[in-house]
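Trainee: So here's model.pdb, just PDB, C-alpha atoms and all ligand atoms:
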ATOM      1  CA  MET K  28       0.872   2.157  28.406
ATOM      2  CA  ARG K  29       3.645   0.081  30.014
ATOM      3  CA  LEU K  30       6.658   1.970  31.292
ATOM      4  CA  ASP K  31       9.173  -0.006  29.192
ATOM      5  CA  GLY K  32       7.077   0.583  26.050
ATOM      6  CA  PHE K  33       6.905   4.289  26.796
ATOM      7  CA  ILE K  34      10.714   4.520  27.237
ATOM      8  CA  ALA K  35      11.318   2.593  24.005
ATOM      9  CA  ARG K  36       8.930   4.840  22.059
ATOM     10  CA  ALA K  37      10.302   8.041  23.545
ATOM     11  CA  THR K  38      14.000   7.190  23.016
ATOM     12  CA  ASN K  39      16.215   5.221  20.664
ATOM     13  CA  LEU K  40      16.418   2.357  23.153
ATOM     14  CA  SER K  41      15.090  -1.081  22.338
ATOM     15  CA  ARG K  42      12.468  -2.457  24.713
ATOM     16  CA  ARG K  43      15.121  -4.704  26.301
ATOM     17  CA  GLU K  44      17.462  -1.733  26.824
ATOM     18  CA  ALA K  45      14.536   0.234  28.256
ATOM     19  CA  GLN K  46      13.854  -2.597  30.727
ATOM     20  CA  HIS K  47      17.516  -2.559  31.807
ATOM     21  CA  SER K  48      17.486   1.184  32.365
ATOM     22  CA  ILE K  49      14.381   0.797  34.555
ATOM     23  CA  LYS K  50      15.873  -2.059  36.600
ATOM     24  CA  GLU K  51      19.072  -0.034  37.077
ATOM     25  CA  GLY K  52      17.009   2.690  38.792
ATOM     26  CA  ARG K  53      17.660   5.302  36.097
ATOM     27  CA  VAL K  54      13.965   5.965  35.485
ATOM     28  CA  ARG K  55      11.703   8.108  37.641
ATOM     29  CA  VAL K  56       7.938   8.433  37.361
ATOM     30  CA  ASN K  57       6.555  11.592  38.965
ATOM     31  CA  GLY K  58       9.871  11.953  40.780
ATOM     32  CA  GLN K  59       9.962   8.410  42.235
ATOM     33  CA  VAL K  60      12.358   5.715  41.049
ATOM     34  CA  VAL K  61      10.341   2.872  39.542
ATOM     35  CA  ARG K  62      12.000  -0.504  38.927
ATOM     36  CA  ASN K  63       9.112  -2.457  37.434
ATOM     37  CA  PRO K  64       9.084  -2.243  33.600
ATOM     38  CA  ALA K  65       5.458  -3.473  33.568
ATOM     39  CA  ASN K  66       4.150  -0.508  35.598
ATOM     40  CA  ARG K  67       1.462   1.365  33.706
ATOM     41  CA  ILE K  68       1.860   5.075  33.224
ATOM     42  CA  ASP K  69      -0.816   7.501  32.098
ATOM     43  CA  ASP K  70      -0.093  11.210  31.921
ATOM     44  CA  ALA K  71       2.886  10.779  34.269
ATOM     45  CA  ALA K  72       6.147  12.763  34.163
ATOM     46  CA  VAL K  73       8.897  10.290  33.239
ATOM     47  CA  THR K  74      12.638  10.966  33.320
ATOM     48  CA  LEU K  75      15.613   8.867  32.226
ATOM     49  CA  ASP K  76      18.915   9.824  33.872
ATOM     50  CA  GLY K  77      17.157  13.033  34.951
ATOM     51  CA  GLU K  78      16.095  13.969  31.375
ATOM     52  CA  PRO K  79      12.335  14.423  30.866
ATOM     53  CA  LEU K  80      10.932  12.106  28.198
ATOM     54  CA  LYS K  81       8.119  12.857  25.795
ATOM     55  CA  LEU K  82       6.466  10.652  23.182
ATOM     56  CA  PRO K  83       7.193  11.825  19.637
ATOM     57  CA  CYS K  84       4.268  13.441  17.791
ATOM     58  CA  PRO K  85       2.502  10.955  15.536
ATOM     59  CA  VAL K  86       3.063  11.237  11.793
ATOM     60  CA  TYR K  87       0.209  11.562   9.265
ATOM     61  CA  VAL K  88       1.055  11.950   5.568
ATOM     62  CA  MET K  89      -0.646  11.667   2.211
ATOM     63  CA  LEU K  90       1.419  10.292  -0.653
ATOM     64  CA  HIS K  91       0.774  10.315  -4.391
ATOM     65  CA  LYS K  92       1.677   6.696  -5.152
ATOM     66  CA  PRO K  93       3.193   6.115  -8.566
ATOM     67  CA  ALA K  94       2.797   2.778 -10.353
ATOM     68  CA  GLY K  95       5.547   0.253  -9.582
ATOM     69  CA  TYR K  96       5.679   0.877  -5.812
ATOM     70  CA  LEU K  97       4.362  -1.724  -3.408
ATOM     71  CA  CYS K  98       2.152  -0.872  -0.426
ATOM     72  CA  ALA K  99       4.299  -2.862   1.991
ATOM     73  CA  THR K 100       6.905  -1.953   4.567
ATOM     74  CA  THR K 101       9.637  -4.060   2.906
ATOM     75  CA  ASP K 102       9.922  -6.152  -0.227
ATOM     76  CA  GLY K 103      12.805  -7.972  -1.849
ATOM     77  CA  GLN K 104      11.618  -7.355  -5.401
ATOM     78  CA  HIS K 105       9.924  -3.951  -5.710
ATOM     79  CA  PRO K 106      10.476  -0.546  -4.146
ATOM     80  CA  THR K 107       7.859   0.244  -1.501
ATOM     81  CA  VAL K 108       5.876   3.409  -0.826
ATOM     82  CA  LEU K 109       7.999   3.900   2.316
ATOM     83  CA  ASP K 110      11.056   4.293   0.035
ATOM     84  CA  LEU K 111       9.433   7.544  -1.154
ATOM     85  CA  LEU K 112       9.596   9.065   2.350
ATOM     86  CA  PRO K 113      12.705  10.489   4.036
ATOM     87  CA  SER K 114      14.300   7.902   6.335
ATOM     88  CA  GLY K 115      14.267  10.265   9.334
ATOM     89  CA  LEU K 116      10.529  10.921   9.090
ATOM     90  CA  HIS K 117       9.897   8.886  12.186
ATOM     91  CA  PRO K 118      12.939   7.419  13.880
ATOM     92  CA  THR K 119      11.324   5.653  16.855
ATOM     93  CA  GLU K 120       7.931   4.427  15.681
ATOM     94  CA  PRO K 121       7.108   2.196  12.729
ATOM     95  CA  LEU K 122       5.205   3.733   9.849
ATOM     96  CA  GLN K 123       1.934   2.011   8.950
ATOM     97  CA  ILE K 124       0.316   2.074   5.523
ATOM     98  CA  VAL K 125      -3.419   2.804   5.776
ATOM     99  CA  GLY K 126      -4.967   0.239   3.422
ATOM    100  CA  ARG K 127      -3.326  -1.123   0.305
ATOM    101  CA  LEU K 128      -3.210  -0.273  -3.379
ATOM    102  CA  ASP K 129      -2.019  -2.742  -6.010
ATOM    103  CA  LEU K 130       1.460  -2.377  -7.523
ATOM    104  CA  ASP K 131       0.039  -0.815 -10.707
ATOM    105  CA  THR K 132      -2.585   1.374  -8.981
ATOM    106  CA  THR K 133      -1.737   5.058  -8.546
ATOM    107  CA  GLY K 134      -3.070   7.775  -6.267
ATOM    108  CA  LEU K 135      -3.793   8.537  -2.653
ATOM    109  CA  VAL K 136      -2.037   6.509   0.043
ATOM    110  CA  LEU K 137      -2.155   7.505   3.700
ATOM    111  CA  ILE K 138       0.735   6.681   6.021
ATOM    112  CA  THR K 139       0.834   7.138   9.782
ATOM    113  CA  THR K 140       2.381   6.031  13.051
ATOM    114  CA  ASP K 141      -1.034   6.223  14.756
ATOM    115  CA  GLY K 142      -2.519   2.729  14.888
ATOM    116  CA  THR K 143      -5.867   3.932  16.252
ATOM    117  CA  TRP K 144      -6.300   6.377  13.368
ATOM    118  CA  ASN K 145      -5.292   3.692  10.881
ATOM    119  CA  HIS K 146      -7.865   1.321  12.367
ATOM    120  CA  ARG K 147     -10.618   3.970  12.299
ATOM    121  CA  ILE K 148     -10.143   4.292   8.545
ATOM    122  CA  THR K 149      -9.558   0.669   7.607
ATOM    123  CA  ALA K 150     -11.822  -1.310   9.975
ATOM    124  CA  PRO K 151     -14.483  -3.010   7.811
ATOM    125  CA  ASN K 152     -17.329  -1.689   9.964
ATOM    126  CA  SER K 153     -16.179   1.925   9.577
ATOM    127  CA  HIS K 154     -17.392   1.844   5.917
ATOM    128  CA  CYS K 155     -14.946   4.632   5.149
ATOM    129  CA  THR K 156     -15.552   5.610   1.516
ATOM    130  CA  LYS K 157     -12.921   5.469  -1.242
ATOM    131  CA  ILE K 158     -13.233   7.058  -4.651
ATOM    132  CA  TYR K 159     -11.330   5.644  -7.640
ATOM    133  CA  ARG K 160     -11.026   6.854 -11.198
ATOM    134  CA  VAL K 161     -11.192   3.770 -13.401
ATOM    135  CA  GLN K 162     -10.190   3.356 -17.034
ATOM    136  CA  LEU K 163     -11.849   0.365 -18.670
ATOM    137  CA  ALA K 164     -10.970  -1.833 -21.609
ATOM    138  CA  GLU K 165     -14.593  -1.921 -22.834
ATOM    139  CA  PRO K 166     -17.373   0.679 -22.754
ATOM    140  CA  ILE K 167     -19.474   0.350 -19.603
ATOM    141  CA  THR K 168     -23.073  -0.673 -20.284
ATOM    142  CA  ALA K 169     -26.087   0.619 -18.366
ATOM    143  CA  GLU K 170     -26.780  -2.964 -17.277
ATOM    144  CA  ALA K 171     -23.253  -3.508 -15.900
ATOM    145  CA  LYS K 172     -23.431  -0.195 -14.073
ATOM    146  CA  ALA K 173     -26.758  -1.145 -12.468
ATOM    147  CA  ILE K 174     -25.454  -4.582 -11.403
ATOM    148  CA  LEU K 175     -22.301  -3.119  -9.868
ATOM    149  CA  GLN K 176     -24.190  -0.372  -8.061
ATOM    150  CA  ARG K 177     -26.623  -2.883  -6.524
ATOM    151  CA  GLY K 178     -23.806  -5.208  -5.418
ATOM    152  CA  VAL K 179     -22.199  -8.098  -7.235
ATOM    153  CA  MET K 180     -21.001 -11.520  -6.064
ATOM    154  CA  LEU K 181     -17.223 -11.803  -6.484
ATOM    155  CA  HIS K 182     -15.502 -15.095  -7.243
ATOM    156  CA  SER K 183     -14.994 -17.253  -4.110
ATOM    157  CA  GLU K 184     -16.778 -14.820  -1.771
ATOM    158  CA  ILE K 185     -19.907 -15.508   0.252
ATOM    159  CA  LYS K 186     -21.461 -12.035   0.292
ATOM    160  CA  PRO K 187     -22.099  -9.630  -2.581
ATOM    161  CA  THR K 188     -20.314  -6.296  -2.563
ATOM    162  CA  LEU K 189     -22.079  -3.446  -0.771
ATOM    163  CA  PRO K 190     -24.065  -1.002  -2.897
ATOM    164  CA  CYS K 191     -21.767   1.585  -4.468
ATOM    165  CA  HIS K 192     -22.043   4.639  -6.669
ATOM    166  CA  ILE K 193     -20.682   4.846 -10.218
ATOM    167  CA  GLN K 194     -20.464   8.084 -12.144
ATOM    168  CA  THR K 195     -19.715   7.836 -15.849
ATOM    169  CA  ILE K 196     -16.997  10.176 -17.125
ATOM    170  CA  ASP K 197     -17.074   8.760 -20.640
ATOM    171  CA  SER K 198     -17.846   5.351 -22.101
ATOM    172  CA  ARG K 199     -14.553   3.807 -20.900
ATOM    173  CA  GLU K 200     -13.919   5.908 -17.806
ATOM    174  CA  VAL K 201     -15.834   6.095 -14.521
ATOM    175  CA  HIS K 202     -15.600   7.211 -10.919
ATOM    176  CA  ILE K 203     -16.543   4.513  -8.449
ATOM    177  CA  LYS K 204     -17.284   5.234  -4.789
ATOM    178  CA  LEU K 205     -16.983   2.225  -2.484
ATOM    179  CA  GLN K 206     -17.632   1.824   1.218
ATOM    180  CA  GLU K 207     -15.496  -1.286   1.639
ATOM    181  CA  GLY K 208     -12.047  -2.463   0.623
ATOM    182  CA  ARG K 209     -11.870  -6.089  -0.394
ATOM    183  CA  TYR K 210      -8.822  -7.637  -2.058
ATOM    184  CA  HIS K 211      -8.464  -6.242  -5.633
ATOM    185  CA  GLN K 212     -12.068  -5.127  -5.265
ATOM    186  CA  VAL K 213     -12.409  -2.706  -8.171
ATOM    187  CA  LYS K 214     -10.660  -4.984 -10.661
ATOM    188  CA  ARG K 215     -12.713  -7.988  -9.541
ATOM    189  CA  MET K 216     -15.987  -6.055  -9.695
ATOM    190  CA  PHE K 217     -15.438  -5.011 -13.296
ATOM    191  CA  ALA K 218     -14.213  -8.512 -14.166
ATOM    192  CA  ALA K 219     -17.487  -9.860 -12.714
ATOM    193  CA  VAL K 220     -19.427  -7.923 -15.383
ATOM    194  CA  GLY K 221     -17.096  -8.936 -18.228
ATOM    195  CA  ASN K 222     -14.975  -5.793 -18.343
ATOM    196  CA  ARG K 223     -11.314  -5.147 -17.425
ATOM    197  CA  VAL K 224      -9.624  -2.327 -15.524
ATOM    198  CA  VAL K 225      -6.846  -0.781 -17.592
ATOM    199  CA  HIS K 226      -5.841   1.843 -15.041
ATOM    200  CA  LEU K 227      -6.895   2.557 -11.499
ATOM    201  CA  HIS K 228      -6.245   5.750  -9.577
ATOM    202  CA  ARG K 229      -7.451   6.478  -6.018
ATOM    203  CA  GLU K 230      -8.583  10.067  -5.611
ATOM    204  CA  GLN K 231     -10.177  10.097  -2.174
ATOM    205  CA  VAL K 232     -10.319   8.247   1.156
ATOM    206  CA  GLY K 233     -13.084   9.390   3.494
ATOM    207  CA  GLU K 234     -12.970  13.182   3.372
ATOM    208  CA  LEU K 235      -9.330  13.292   2.246
ATOM    209  CA  ILE K 236      -8.777  14.204  -1.397
ATOM    210  CA  LEU K 237      -5.385  13.645  -3.043
ATOM    211  CA  ASP K 238      -3.727  17.069  -3.151
ATOM    212  CA  PRO K 239      -3.490  18.059  -6.850
ATOM    213  CA  LEU K 240      -0.183  19.813  -6.077
ATOM    214  CA  LEU K 241       1.458  16.463  -5.307
ATOM    215  CA  ALA K 242       3.218  14.951  -8.315
ATOM    216  CA  PRO K 243       3.528  11.134  -8.423
ATOM    217  CA  GLY K 244       6.048  10.132  -5.750
ATOM    218  CA  GLU K 245       5.538  13.267  -3.631
ATOM    219  CA  PHE K 246       4.030  13.444  -0.155
ATOM    220  CA  ARG K 247       2.952  16.048   2.354
ATOM    221  CA  HIS K 248       1.965  16.069   6.018
ATOM    222  CA  LEU K 249      -1.756  16.252   6.768
ATOM    223  CA  THR K 250      -3.125  19.339   8.459
ATOM    224  CA  GLU K 251      -4.823  19.098  11.866
ATOM    225  CA  PRO K 252      -8.348  19.425  10.376
ATOM    226  CA  GLU K 253      -7.513  16.748   7.783
ATOM    227  CA  ILE K 254      -6.367  14.357  10.524
ATOM    228  CA  LEU K 255      -9.572  14.966  12.472
ATOM    229  CA  CYS K 256     -11.962  14.652   9.541
ATOM    230  CA  ALA K 257     -10.238  11.736   7.777
ATOM    231  CA  CYS K 258     -13.086   9.290   8.179
ATOM    232  CA  ARG K 259     -16.273  10.662   9.606
TER     233      ARG K 259
HETATM  234  N1  LIG F   1      -9.206  -2.215  -5.998
HETATM  235  C1  LIG F   1      -8.319  -2.854  -6.779
HETATM  236  O1  LIG F   1      -8.683  -3.732  -7.559
HETATM  237  N2  LIG F   1      -7.033  -2.471  -6.712
HETATM  238  C2  LIG F   1      -6.596  -1.485  -5.895
HETATM  239  O2  LIG F   1      -5.403  -1.169  -5.896
HETATM  240  C3  LIG F   1      -7.535  -0.834  -5.098
HETATM  241  C4  LIG F   1      -8.837  -1.219  -5.163
END
What is this structure when it is put down as structure tokens?
Ligand code: URA
Mentor:
Amino acid sequence: MRLDGFIARATNLSRREAQHSIKEGRVRVNGQVVRNPANRIDDAAVTLDGEPLKLPCPVYVMLHKPAGYLCATTDGQHPTVLDLLPSGLHPTEPLQIVGRLDLDTTGLVLITTDGTWNHRITAPNSHCTKIYRVQLAEPITAEAKAILQRGVMLHSEIKPTLPCHIQTIDSREVHIKLQEGRYHQVKRMFAAVGNRVVHLHREQVGELILDPLLAPGEFRHLTEPEILCACR
């Protein structure tokens, strides 16, 4: 990591202010004054005005998203899922939303400051599974279920969806387990077989199950084992 980036992440300084502090000789790396903001530091002891600096611990939370909240960091029209978190949750690093749910979709949303962890879960080739509970407008037929499970071609796409698993709860309600996350995927899949999603709720991402103790709008921090096992 670059020295100026480290200072900015470890303090309230902007990157420009961090660069100034370095050029002014206020920063030491392993006891030596360093004046080049581009110097790379790995596992070094860094001080600013004699104060040791440490990167803040990354944040990992699960949130029970209610309908009506957007999975975006800001929006002029709708409240966002970040509005449901305390503003001081992470003062120096931006929060990232791990994948997106539609405005009307409810359920499990993961939020972190750890870009590598986010990427591990969301990268298309990670095939991290997601489980949704789906309420349908029409009863699901055995034929539609078989087509969807094999993979279906979605409008304006060039490849069919990957095979998935559907478990019937009752005639108009199913669990669907996907290993990919295309735009509006669940709604488009059911539309492709002539049905319509009435309500969509995400219950699981990888190994992480939405905590049943979380009411809509509530969040909690992930435990260490949950962070490690998120997408194996
Ligand atoms: N698929 C959808 O259609 N919507 C979501 O919010 C998530 C998956």
Trainee: How would you report the residues lying within 8 Å of ligand LIG 1 (chain F), as an MDAnalysis selection string, if you count only C-alpha atoms and all ligand atoms?
Mentor: chainID K and resid 127:133 159 208:216 227:229
Trainee: Listing only residues of range 94-194 of chain K within 7 Å of range 231-255 of chain K, what is the closest atom pair and its distance in Å (to one decimal) for each, using all atoms listed in the file, sorted by chain and residue number ascending, as a Markdown table?
Mentor:
| residue | atom | partner | partner_atom | distance |
| --- | --- | --- | --- | --- |
| K:Leu111 | CA | K:Gly244 | CA | 6.3 |
| K:Leu135 | CA | K:Leu237 | CA | 5.4 |
| K:Cys155 | CA | K:Gly233 | CA | 5.4 |
| K:Thr156 | CA | K:Gly233 | CA | 4.9 |
| K:Lys157 | CA | K:Val232 | CA | 4.5 |
| K:Ile158 | CA | K:Gln231 | CA | 5.0 |
Trainee: Apply the PyMOL selection byres (((chain K and resi 71-73) around 12) and not hetatm) to the structure shown and report the selected residues as a ChimeraX atom specification.
Mentor: /K:28-31,33-34,37-38,49,53-61,66-70,74-82
Trainee: Quick check, in Å to one decimal: how far apart do CA of Glu51 in chain K and CA of Gly32 in chain K lie?
Mentor: 16.3 Å
Trainee: Tell me which residues the PyMOL selection byres (((chain K and resi 86) around 7) and not hetatm) grabs here, as number ranges by chain.
Mentor: K: 84-85, 87-88, 139-140
Trainee: Can you list what the PyMOL selection byres (((chain K and resi 97-103) around 12) and not hetatm) grabs from this structure, as a ChimeraX atom specification?
Mentor: /K:90-96,104-112,121-138
Trainee: So, with only C-alpha atoms as the atoms that count, which of K:Lys172, K:Arg223, K:His202, K:Arg36 lies closest to Pro118 in chain K?
Mentor: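 Result for the nearest residue to Pro118 in chain K: K:Arg36.
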Trainee: Please indicate the distance in Å from CA of Ile203 in chain K to CA of Ala257 in chain K, rounded to one decimal place.
Mentor: 18.8 Å
Trainee: For each of K:Val224, K:Ala65, K:Val161, K:Ala150, take the minimum atom-to-atom distance to Thr195 in chain K, counting all atoms listed in the file, then give the residue where this is smallest.
Mentor: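 When distances to Thr195 in chain K are compared using all atoms listed in the file, the smallest one comes from K:Val161.
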Trainee: At what distance in Å, to one decimal, does CA of Asp141 in chain K lie from CA of Asn39 in chain K?
Mentor: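 One can read the CA of Asn39 in chain K to CA of Asp141 in chain K distance as 18.3 Å.
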Trainee: Go through K:Leu163, K:Thr119, K:Phe217, K:His226 one by one, measure the shortest atom-to-atom distance of each to Leu181 in chain K using all atoms listed in the file, and give the residue with the smallest value.
Mentor: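 That would be K:Phe217, the residue with the smallest distance to Leu181 in chain K.
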Trainee: Any idea what's packed within 9 Å of Ala171 in chain K, counting all atoms listed in the file, ignoring anything in its chain fewer than 4 positions away? Could you give it as a ChimeraX atom specification?
Mentor: /K:167,175-176,217,220-222
Trainee: Taking N, CA, C and O atoms as the atom set, what does range 104-118 of chain K look like once completed, written as an mmCIF file, in the frame of the given file?
Mentor:
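Result went into selection.cif, see below:
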data_model
loop_
_atom_site.group_PDB
_atom_site.id
_atom_site.type_symbol
_atom_site.label_atom_id
_atom_site.label_comp_id
_atom_site.auth_asym_id
_atom_site.auth_seq_id
_atom_site.Cartn_x
_atom_site.Cartn_y
_atom_site.Cartn_z
ATOM 1 N N GLN K 104 11.674 -7.465 -3.945
ATOM 2 C CA GLN K 104 11.618 -7.355 -5.401
ATOM 3 C C GLN K 104 11.331 -5.922 -5.887
ATOM 4 O O GLN K 104 11.940 -5.448 -6.842
ATOM 5 N N HIS K 105 10.373 -5.267 -5.231
ATOM 6 C CA HIS K 105 9.924 -3.951 -5.710
ATOM 7 C C HIS K 105 10.240 -2.878 -4.670
ATOM 8 O O HIS K 105 10.257 -3.168 -3.470
ATOM 9 N N PRO K 106 10.398 -1.627 -5.139
ATOM 10 C CA PRO K 106 10.476 -0.546 -4.146
ATOM 11 C C PRO K 106 9.118 -0.402 -3.453
ATOM 12 O O PRO K 106 8.090 -0.766 -4.027
ATOM 13 N N THR K 107 9.121 0.082 -2.228
ATOM 14 C CA THR K 107 7.859 0.244 -1.501
ATOM 15 C C THR K 107 7.529 1.731 -1.348
ATOM 16 O O THR K 107 8.398 2.588 -1.517
ATOM 17 N N VAL K 108 6.278 2.003 -1.002
ATOM 18 C CA VAL K 108 5.876 3.409 -0.826
ATOM 19 C C VAL K 108 6.690 4.075 0.283
ATOM 20 O O VAL K 108 6.908 5.288 0.228
ATOM 21 N N LEU K 109 7.196 3.287 1.244
ATOM 22 C CA LEU K 109 7.999 3.900 2.316
ATOM 23 C C LEU K 109 9.341 4.387 1.779
ATOM 24 O O LEU K 109 9.962 5.284 2.355
ATOM 25 N N ASP K 110 9.805 3.818 0.651
ATOM 26 C CA ASP K 110 11.056 4.293 0.035
ATOM 27 C C ASP K 110 10.903 5.721 -0.490
ATOM 28 O O ASP K 110 11.894 6.374 -0.802
ATOM 29 N N LEU K 111 9.656 6.183 -0.636
ATOM 30 C CA LEU K 111 9.433 7.544 -1.154
ATOM 31 C C LEU K 111 9.449 8.588 -0.030
ATOM 32 O O LEU K 111 9.316 9.781 -0.292
ATOM 33 N N LEU K 112 9.591 8.134 1.209
ATOM 34 C CA LEU K 112 9.596 9.065 2.350
ATOM 35 C C LEU K 112 11.014 9.191 2.887
ATOM 36 O O LEU K 112 11.798 8.237 2.802
ATOM 37 N N PRO K 113 11.355 10.356 3.467
ATOM 38 C CA PRO K 113 12.705 10.489 4.036
ATOM 39 C C PRO K 113 12.899 9.514 5.192
ATOM 40 O O PRO K 113 11.958 9.262 5.957
ATOM 41 N N SER K 114 14.103 8.961 5.333
ATOM 42 C CA SER K 114 14.300 7.902 6.335
ATOM 43 C C SER K 114 14.125 8.436 7.755
ATOM 44 O O SER K 114 13.756 7.688 8.655
ATOM 45 N N GLY K 115 14.370 9.721 7.967
ATOM 46 C CA GLY K 115 14.267 10.265 9.334
ATOM 47 C C GLY K 115 12.864 10.711 9.690
ATOM 48 O O GLY K 115 12.674 11.337 10.729
ATOM 49 N N LEU K 116 11.876 10.391 8.855
ATOM 50 C CA LEU K 116 10.529 10.921 9.090
ATOM 51 C C LEU K 116 10.018 10.533 10.464
ATOM 52 O O LEU K 116 9.403 11.304 11.157
ATOM 53 N N HIS K 117 10.286 9.294 10.842
ATOM 54 C CA HIS K 117 9.897 8.886 12.186
ATOM 55 C C HIS K 117 10.855 7.853 12.728
ATOM 56 O O HIS K 117 10.728 6.667 12.480
ATOM 57 N N PRO K 118 11.873 8.327 13.487
ATOM 58 C CA PRO K 118 12.939 7.419 13.880
ATOM 59 C C PRO K 118 12.522 6.346 14.876
ATOM 60 O O PRO K 118 13.073 5.261 14.864
#
